[in-house]
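Working notes, structure below.
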There are 2 protein chains.
Amino acid sequence: MTALFNATRDASRILATRTPADIDSILLDLAQATEDNIPALLQANQRDLDSMDTGNPMRDRLMLNDARLRAIAADLRHVAALPSPLGRTLKHSTLPNGLDIERVSVPFGVIGIIFEARPNVCFDCFALCLKAGSACILKGGSDARESCTAIVGLIHSVLQRHGLPAATALLLTDHASTAALLNAHGLVDLIIPRGSSRLIDFVRENARVPVIETGAGVVHTYVDARADMAKAEAIVVNAKTRRVSVCNALDCLIINRERLGELPLLCTQLADKGVTIYADERAYASLAAGGYPAALLQHATPESFGTEFLALRMAVKTVDTLDEALDHIRRYGSGHSEAIVTEDAQAARRFLADVDAACVYHNAPTSFTDGAQFGLGAEIGISTQKLHARGPMALEEITTYKWLIRGNGQTRP
Amino acid sequence: MTALFNATRDASRILATRTPADIDSILLDLAQATEDNIPALLQANQRDLDSMDTGNPMRDRLMLNDARLRAIAADLRHVAALPSPLGRTLKHSTLPNGLDIERVSVPFGVIGIIFEARPNVCFDCFALCLKAGSACILKGGSDARESCTAIVGLIHSVLQRHGLPAATALLLTDHASTAALLNAHGLVDLIIPRGSSRLIDFVRENARVPVIETGAGVVHTYVDARADMAKAEAIVVNAKTRRVSVCNALDCLIINRERLGELPLLCTQLADKGVTIYADERAYASLAAGGYPAALLQHATPESFGTEFLALRMAVKTVDTLDEALDHIRRYGSGHSEAIVTEDAQAARRFLADVDAACVYHNAPTSFTDGAQFGLGAEIGISTQKLHARGPMALEEITTYKWLIRGNGQTRP
């Protein structure tokens, strides 16, 4: 395994000598090659699908089809068109002694990505790492082995046409390779796990290489005493139901007791969409009295709070004050995305200042937590840690920097 | 231990409500209190010194005296005078839908520092963390227990005068607390180990909290075929002998074979200062012929390369080409600081581009790798990793950021 990692490290050094234009032409060629090889890619994907139970909920994530592959090709062209994150001057000064000091963005070198059954991650992560000047090690789930092998095979053929080693993108599919990757200190500069919280916990426990944790989001929206309830309804419905399987989806609605009477109205569309609510006592009473469908209404248990549902399910917590809402978020939030709905500027200010999360919203739904929505152009993951990058991570966030110091023989007294 | 960490976490939240002016007044008061309590601080330090063997090389690092304490007070006033790293708008945009997206610098929360026998680290790290809005956990070496306890006691008295809990600065001195600190995921946001490479290796192996590795520097200077030898001499002497115990000190001189004849002249001042040289065959022959003192001249062994000497010792490697110098640095460097001496602009450009290190120098000595020298105003350590911060770390580097999103009821399609 070390020999493979060394080959990728060497490949990263060759890649570092290429210009942004060279890199973009590789991405454009890969987009074309993807469109030209749709039948072969779908055949490989079909072999993975044939091995998976038809009832497995991962099936949709595993599946490629003509439209998805064409969308991937379009994404590759989009990444090629983005500005290069490399070679940016981040600081520049000249000291009194004439020493010129510049901080400039450079590639990490080798980035490892550990993911589960989504073969499109091979395309996404390879493209973003390449654009950021880094070689990548892709550790995919065994469910997607055939698909990933076909995709990375295609990537290799394009790399080699451009005179780059296949090791610029190393695919690992066997389970044992994860431990080797997590221990490859000195050979791998950064590991980004993308997937379940179980995967992320495993990586945190075992990594000796720097890690950026992504993904797990226990997300709250607080409807304040002075909320505009029309906005609140639009925001809550969008945050909860736009896509339930994503990390920015709403998990717990916190409602000020002064607005409890309007809770049933606020939840009308949620009922229509089949959202099961786990309500605390006061909220349960309001929803039951207001006609929330009994089949969708449950009493909250201790487990209802602090849970990432990733489903048409949501907890409701009633609070007396903004402070109580802040305490609840502090206790149960995962530092991903949190929102307040209020017309009270002071309450909004306090919420934005006090909540310790990657993304804090006022009068907007947490569904906006996304690299493309934030105008970053692309996204390799959403960081839930504070080191290096927080929230949506795009190309700049997968570069590092170095200091260049240019002198003329000056010495330090 | 968890109760202590929780108290520090709570303290960090109270600290987050204070203004930069509040923080600066704490630092100024601490400077005054330090000057007012010099006798008590020296008494505590004397108890530590009394417990240490008189021949222990750590003794100088452990020792406080009147001048050192006054210099510390001056440093505290200097940190108070620096601009706050908090509340800086790092990005700001308004999306077409009117959503306002701002990325703003905020405190980490709780920063852990693990250090060895230098009690002044208590002052430095407390001051920098406080200025950056974070509470700190200081795990000091047991050799400095009495000194650290007295210093942190003084810090506590000042904090409490300003209405902040003592837990804003938590001191740990027993060895067992290190493991608890390294595992305090969710309570501690960042750990910075400061000390020997053994300490840093231990932290990397055992931490479940994000870490920034600091310190270990295997540092090279390459004297190119087209070097100005007067500059080369000044640069090499400054890099090797200015302070031998620091991480930016030169460990290995790489010399192009075309300049081997001038090696003895280049090393004249090193001989005067008593630098022992571990020379490869060609360099040994040149130095011996040129009269380098026999008592200070040894044949290089495999261990001579890749070693951080932290002493008046240095390896010399002869190369035929710039490429060979780059290979040597790639193999043996630790990614800290590397320098080229040359009048050849193209060789300089290649060296600056190709060397993968935090600080890469052209015609200047690596002794400049230092936060204050780089104009950063202060330094909490020199990062040798690529994640988050690389090279000298100052106040900005010990902050994180969050995204603030302000809307008016917009939803995501």
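Just so we're on the same page: first chain in the structure tokens is A, next is B, and so on; residues restart at 1 for each chain, and ligands are numbered from 1 in the order they show up.
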Using only C-alpha atoms, find each residue of chain A with at least one atom at most 6 Å away from an atom of chain B; report its shortest atom-to-atom pair and that distance in Å (one decimal), sort the rows by chain and rising residue number, and return the result as a tab-separated table.
residue	atom	partner	partner_atom	distance
A:Arg204	CA	B:Arg208	CA	5.9
A:Glu205	CA	B:Arg208	CA	6.0
A:Arg208	CA	B:Arg204	CA	6.0
A:Lys231	CA	B:Gly409	CA	4.9
A:Ala358	CA	B:Lys402	CA	4.9
A:Cys359	CA	B:Trp403	CA	4.6
A:Val360	CA	B:Leu404	CA	5.1
A:Tyr361	CA	B:Ile405	CA	4.7
A:His362	CA	B:Arg406	CA	4.8
A:Asn363	CA	B:Gly407	CA	4.9
A:Ala364	CA	B:Gly407	CA	5.0
A:Lys386	CA	B:Thr400	CA	5.8
A:Leu387	CA	B:His388	CA	5.8
A:His388	CA	B:His388	CA	3.7
A:Thr400	CA	B:Lys386	CA	5.8
A:Lys402	CA	B:Ala358	CA	4.9
A:Trp403	CA	B:Cys359	CA	4.6
A:Leu404	CA	B:Val360	CA	5.1
A:Ile405	CA	B:Tyr361	CA	4.7
A:Arg406	CA	B:His362	CA	4.8
A:Gly407	CA	B:Asn363	CA	4.9
A:Asn408	CA	B:Asn363	CA	5.3
A:Gly409	CA	B:Lys231	CA	4.9
A:Gln410	CA	B:Ala364	CA	5.8
Test item: residues at most 12 Å from stretch 282-285 of chain A, only C-alpha atoms, excluding those fewer than 5 positions along its chain, as JSON, numbers by chain: {"A": [253, 254, 255, 256, 257, 258, 259, 260, 261, 262, 263, 264, 266, 267, 276, 277, 290, 291, 292, 293, 294, 296, 297, 298, 299, 300, 315, 316, 317, 318, 319, 320]}
For C-alpha atoms, I'd like the residues from the last selection saved as a PDB file, in the first residue's frame.
ATOM      1  CA  LEU A 253     -38.342  23.388  14.917  1.00  0.00           C
ATOM      2  CA  ILE A 254     -38.062  25.547  18.046  1.00  0.00           C
ATOM      3  CA  ILE A 255     -41.119  27.704  18.630  1.00  0.00           C
ATOM      4  CA  ASN A 256     -41.631  30.569  21.050  1.00  0.00           C
ATOM      5  CA  ARG A 257     -44.649  29.864  23.257  1.00  0.00           C
ATOM      6  CA  GLU A 258     -46.215  33.175  22.188  1.00  0.00           C
ATOM      7  CA  ARG A 259     -46.670  31.723  18.703  1.00  0.00           C
ATOM      8  CA  LEU A 260     -47.844  28.252  19.773  1.00  0.00           C
ATOM      9  CA  GLY A 261     -51.397  29.079  18.693  1.00  0.00           C
ATOM     10  CA  GLU A 262     -50.163  29.522  15.118  1.00  0.00           C
ATOM     11  CA  LEU A 263     -48.147  26.286  15.084  1.00  0.00           C
ATOM     12  CA  PRO A 264     -50.860  24.222  13.345  1.00  0.00           C
ATOM     13  CA  LEU A 266     -47.298  26.880  10.277  1.00  0.00           C
ATOM     14  CA  CYS A 267     -47.295  23.089   9.857  1.00  0.00           C
ATOM     15  CA  THR A 276     -44.123  13.032  11.143  1.00  0.00           C
ATOM     16  CA  ILE A 277     -43.720  15.444  14.067  1.00  0.00           C
ATOM     17  CA  GLY A 290     -55.236  22.418  15.497  1.00  0.00           C
ATOM     18  CA  GLY A 291     -55.914  19.212  13.610  1.00  0.00           C
ATOM     19  CA  TYR A 292     -52.434  17.978  12.717  1.00  0.00           C
ATOM     20  CA  PRO A 293     -53.071  14.430  11.411  1.00  0.00           C
ATOM     21  CA  ALA A 294     -52.953  12.005  14.348  1.00  0.00           C
ATOM     22  CA  LEU A 296     -48.236  11.961  11.848  1.00  0.00           C
ATOM     23  CA  LEU A 297     -48.157  13.304  15.411  1.00  0.00           C
ATOM     24  CA  GLN A 298     -46.066  11.717  18.159  1.00  0.00           C
ATOM     25  CA  HIS A 299     -44.881  12.720  21.610  1.00  0.00           C
ATOM     26  CA  ALA A 300     -41.235  13.688  21.669  1.00  0.00           C
ATOM     27  CA  ALA A 315     -38.949  17.375  16.354  1.00  0.00           C
ATOM     28  CA  VAL A 316     -40.736  20.427  17.798  1.00  0.00           C
ATOM     29  CA  LYS A 317     -39.511  22.119  20.984  1.00  0.00           C
ATOM     30  CA  THR A 318     -41.370  24.956  22.734  1.00  0.00           C
ATOM     31  CA  VAL A 319     -39.365  27.664  24.513  1.00  0.00           C
ATOM     32  CA  ASP A 320     -40.288  30.666  26.619  1.00  0.00           C
TER      33      ASP A 320
END
Which residue of A:Val218, A:Ala71, A:Leu265, A:Ile155 approaches A:Ala289 most closely, using only C-alpha atoms: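 The shortest atom-to-atom distance to A:Ala289 comes from A:Leu265.
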Distance query B:Leu62 at most 7 Å, only C-alpha atoms, self and fewer than 5 positions along chain excluded, as a list of chain:residue names: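 My list of contacting residues is B:Ala117, B:Arg118, B:Pro119, B:Ala144.
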Keeping C-alpha atoms, export the residues of the selection given above as a PDB file, in the first residue's frame.
ATOM      1  CA  ALA B 117       9.367  23.285  30.791  1.00  0.00           C
ATOM      2  CA  ARG B 118       8.966  26.923  29.680  1.00  0.00           C
ATOM      3  CA  PRO B 119       6.699  28.766  32.117  1.00  0.00           C
ATOM      4  CA  ALA B 144       7.535  24.036  35.675  1.00  0.00           C
TER       5      ALA B 144
END
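Non-sequential neighbours of A:Ala216 (distance at most 8 Å, separation of 3 or more positions within a chain, only C-alpha atoms) are Ser196, Ser197, Cys247, Glu308, Ser334, His336 and Thr384 of chain A.
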Taking the backbone alone, and naming residues the way the document does, which bits of stretch 202-389 of chain A are alpha helix (DSSP H) by DSSP, as a tab-separated table (two decimals) with C-alpha atoms, in the first residue's frame?
chain	number	residue	atom	x	y	z
A	202	PHE	CA	-14.31	5.97	12.61
A	203	VAL	CA	-12.06	8.35	10.71
A	204	ARG	CA	-11.71	10.70	13.72
A	205	GLU	CA	-10.82	7.80	16.02
A	206	ASN	CA	-8.22	6.32	13.73
A	229	MET	CA	-45.44	33.70	10.27
A	230	ALA	CA	-45.71	33.72	6.47
A	231	LYS	CA	-41.92	33.82	6.24
A	232	ALA	CA	-41.68	31.21	8.99
A	233	GLU	CA	-43.93	28.82	7.11
A	234	ALA	CA	-42.02	29.20	3.82
A	235	ILE	CA	-38.67	28.82	5.59
A	236	VAL	CA	-39.64	25.78	7.66
A	237	VAL	CA	-41.26	23.97	4.73
A	238	ASN	CA	-38.28	24.65	2.48
A	239	ALA	CA	-35.75	23.63	5.14
A	240	LYS	CA	-37.60	20.43	6.06
A	241	THR	CA	-38.96	19.14	2.76
A	263	LEU	CA	-48.15	26.29	15.08
A	264	PRO	CA	-50.86	24.22	13.35
A	265	LEU	CA	-51.10	26.77	10.54
A	266	LEU	CA	-47.30	26.88	10.28
A	268	THR	CA	-50.16	22.76	7.34
A	269	GLN	CA	-47.88	22.10	4.37
A	270	LEU	CA	-45.73	19.74	6.44
A	271	ALA	CA	-48.84	17.63	7.08
A	272	ASP	CA	-49.64	17.66	3.36
A	281	GLU	CA	-46.01	18.60	25.43
A	282	ARG	CA	-47.06	22.15	24.67
A	283	ALA	CA	-46.49	21.78	20.94
A	284	TYR	CA	-48.31	18.43	20.91
A	285	ALA	CA	-51.35	20.01	22.55
A	286	SER	CA	-51.38	22.86	20.03
A	287	LEU	CA	-50.93	20.60	17.01
A	288	ALA	CA	-53.53	18.09	18.19
A	289	ALA	CA	-56.04	20.85	18.87
A	322	LEU	CA	-34.68	33.41	22.95
A	323	ASP	CA	-32.17	32.39	25.63
A	324	GLU	CA	-33.88	29.07	26.02
A	325	ALA	CA	-33.73	28.55	22.25
A	326	LEU	CA	-30.00	29.37	22.27
A	327	ASP	CA	-29.46	26.89	25.12
A	328	HIS	CA	-31.29	24.17	23.22
A	329	ILE	CA	-29.18	24.74	20.11
A	330	ARG	CA	-25.98	24.81	22.17
A	331	ARG	CA	-26.93	21.48	23.71
A	332	TYR	CA	-28.24	19.63	20.67
A	345	ALA	CA	-33.45	43.13	14.73
A	346	GLN	CA	-31.94	42.80	18.18
A	347	ALA	CA	-33.00	39.18	18.56
A	348	ALA	CA	-31.55	38.46	15.11
A	349	ARG	CA	-28.29	40.13	16.02
A	350	ARG	CA	-27.98	38.12	19.22
A	351	PHE	CA	-28.76	34.86	17.44
A	352	LEU	CA	-26.19	35.50	14.69
A	353	ALA	CA	-23.56	36.44	17.27
A	354	ASP	CA	-24.22	33.72	19.84
Filtered DSSP result for stretch 211-406 of chain B, state strand (DSSP E or B), as a ChimeraX atom specification: /B:211,214,220-223,252-256,276-279,297-299,313-319,337-341,359-362,381-383,391-393,399-406
Just C-alpha atoms for this one: save the residues we selected as a CSV table (one decimal), in the first residue's frame.
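New file out-v3.csv:
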chain,number,residue,atom,x,y,z
B,211,VAL,CA,-4.2,19.5,16.0
B,214,THR,CA,4.5,22.8,15.3
B,220,HIS,CA,18.5,23.2,4.4
B,221,THR,CA,20.4,26.0,2.6
B,222,TYR,CA,21.5,25.3,-1.0
B,223,VAL,CA,24.5,27.2,-2.3
B,252,CYS,CA,22.3,20.9,6.4
B,253,LEU,CA,24.3,23.0,3.9
B,254,ILE,CA,23.9,21.7,0.4
B,255,ILE,CA,26.7,22.9,-1.9
B,256,ASN,CA,27.0,22.7,-5.7
B,276,THR,CA,31.1,20.6,14.1
B,277,ILE,CA,30.6,19.7,10.4
B,278,TYR,CA,29.4,16.2,9.2
B,279,ALA,CA,30.6,16.4,5.6
B,297,LEU,CA,35.3,17.9,11.1
B,298,GLN,CA,33.7,14.5,10.8
B,299,HIS,CA,32.6,12.2,8.0
B,313,ARG,CA,26.5,20.9,14.5
B,314,MET,CA,25.7,20.9,10.7
B,315,ALA,CA,25.8,18.4,7.8
B,316,VAL,CA,27.2,19.3,4.4
B,317,LYS,CA,26.0,17.6,1.2
B,318,THR,CA,27.6,18.1,-2.2
B,319,VAL,CA,25.4,18.0,-5.3
B,337,SER,CA,12.1,26.4,6.1
B,338,GLU,CA,14.4,25.9,3.1
B,339,ALA,CA,16.7,28.4,1.3
B,340,ILE,CA,18.6,28.9,-2.0
B,341,VAL,CA,21.5,31.2,-2.5
B,359,CYS,CA,8.8,29.0,4.1
B,360,VAL,CA,11.0,29.1,1.1
B,361,TYR,CA,13.8,31.6,0.9
B,362,HIS,CA,15.9,33.2,-1.9
B,381,GLY,CA,4.0,28.6,17.0
B,382,ILE,CA,5.3,27.6,13.6
B,383,SER,CA,3.0,25.1,11.9
B,391,GLY,CA,4.6,28.5,9.0
B,392,PRO,CA,4.4,31.2,11.6
B,393,MET,CA,1.0,31.4,13.3
B,399,THR,CA,-9.4,32.3,14.8
B,400,THR,CA,-12.0,30.4,12.7
B,401,TYR,CA,-14.9,31.9,10.8
B,402,LYS,CA,-18.6,31.4,10.4
B,403,TRP,CA,-21.0,32.3,7.7
B,404,LEU,CA,-23.9,34.7,8.4
B,405,ILE,CA,-26.8,34.6,6.0
B,406,ARG,CA,-29.4,37.4,6.2
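Non-sequential neighbours of A:Leu28 (distance at most 12 Å, separation of 4 or more positions within a chain, only C-alpha atoms) are Ala21, Asp22, Ile23, Asp24, Gln32, Ala33, Thr34, Glu35, Ile72, Ala73, Ala74, Asp75, Leu76, Arg77, His78, Val79, Ala80, Ala81, Ala127, Lys131, Ile155, Val158, Leu159 and His162 of chain A.
Between atom CA of A:Arg194 and atom CA of A:Leu310 lies a distance of 15.3 Å.
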Polymer residues at most 9 Å from A:Leu42, only C-alpha atoms, same-chain spacing of 4 or more positions, as a ChimeraX atom specification: /A:37-38,46-47,63-66,69,147
d(atom CA of B:Cys122, atom CA of B:His156) in Å: 12.0 Å
Gap from atom CA of B:Cys125 to atom CA of B:Leu171 - Å, one decimal: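 Between atom CA of B:Cys125 and atom CA of B:Leu171 the gap works out to 11.7 Å.
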Spatial neighbours of B:Leu172, max dist 10 Å, only C-alpha atoms, sep filter under 5 positions, as a ChimeraX atom specification: /B:1,4,114,137-142,145,148-149,177-178,181
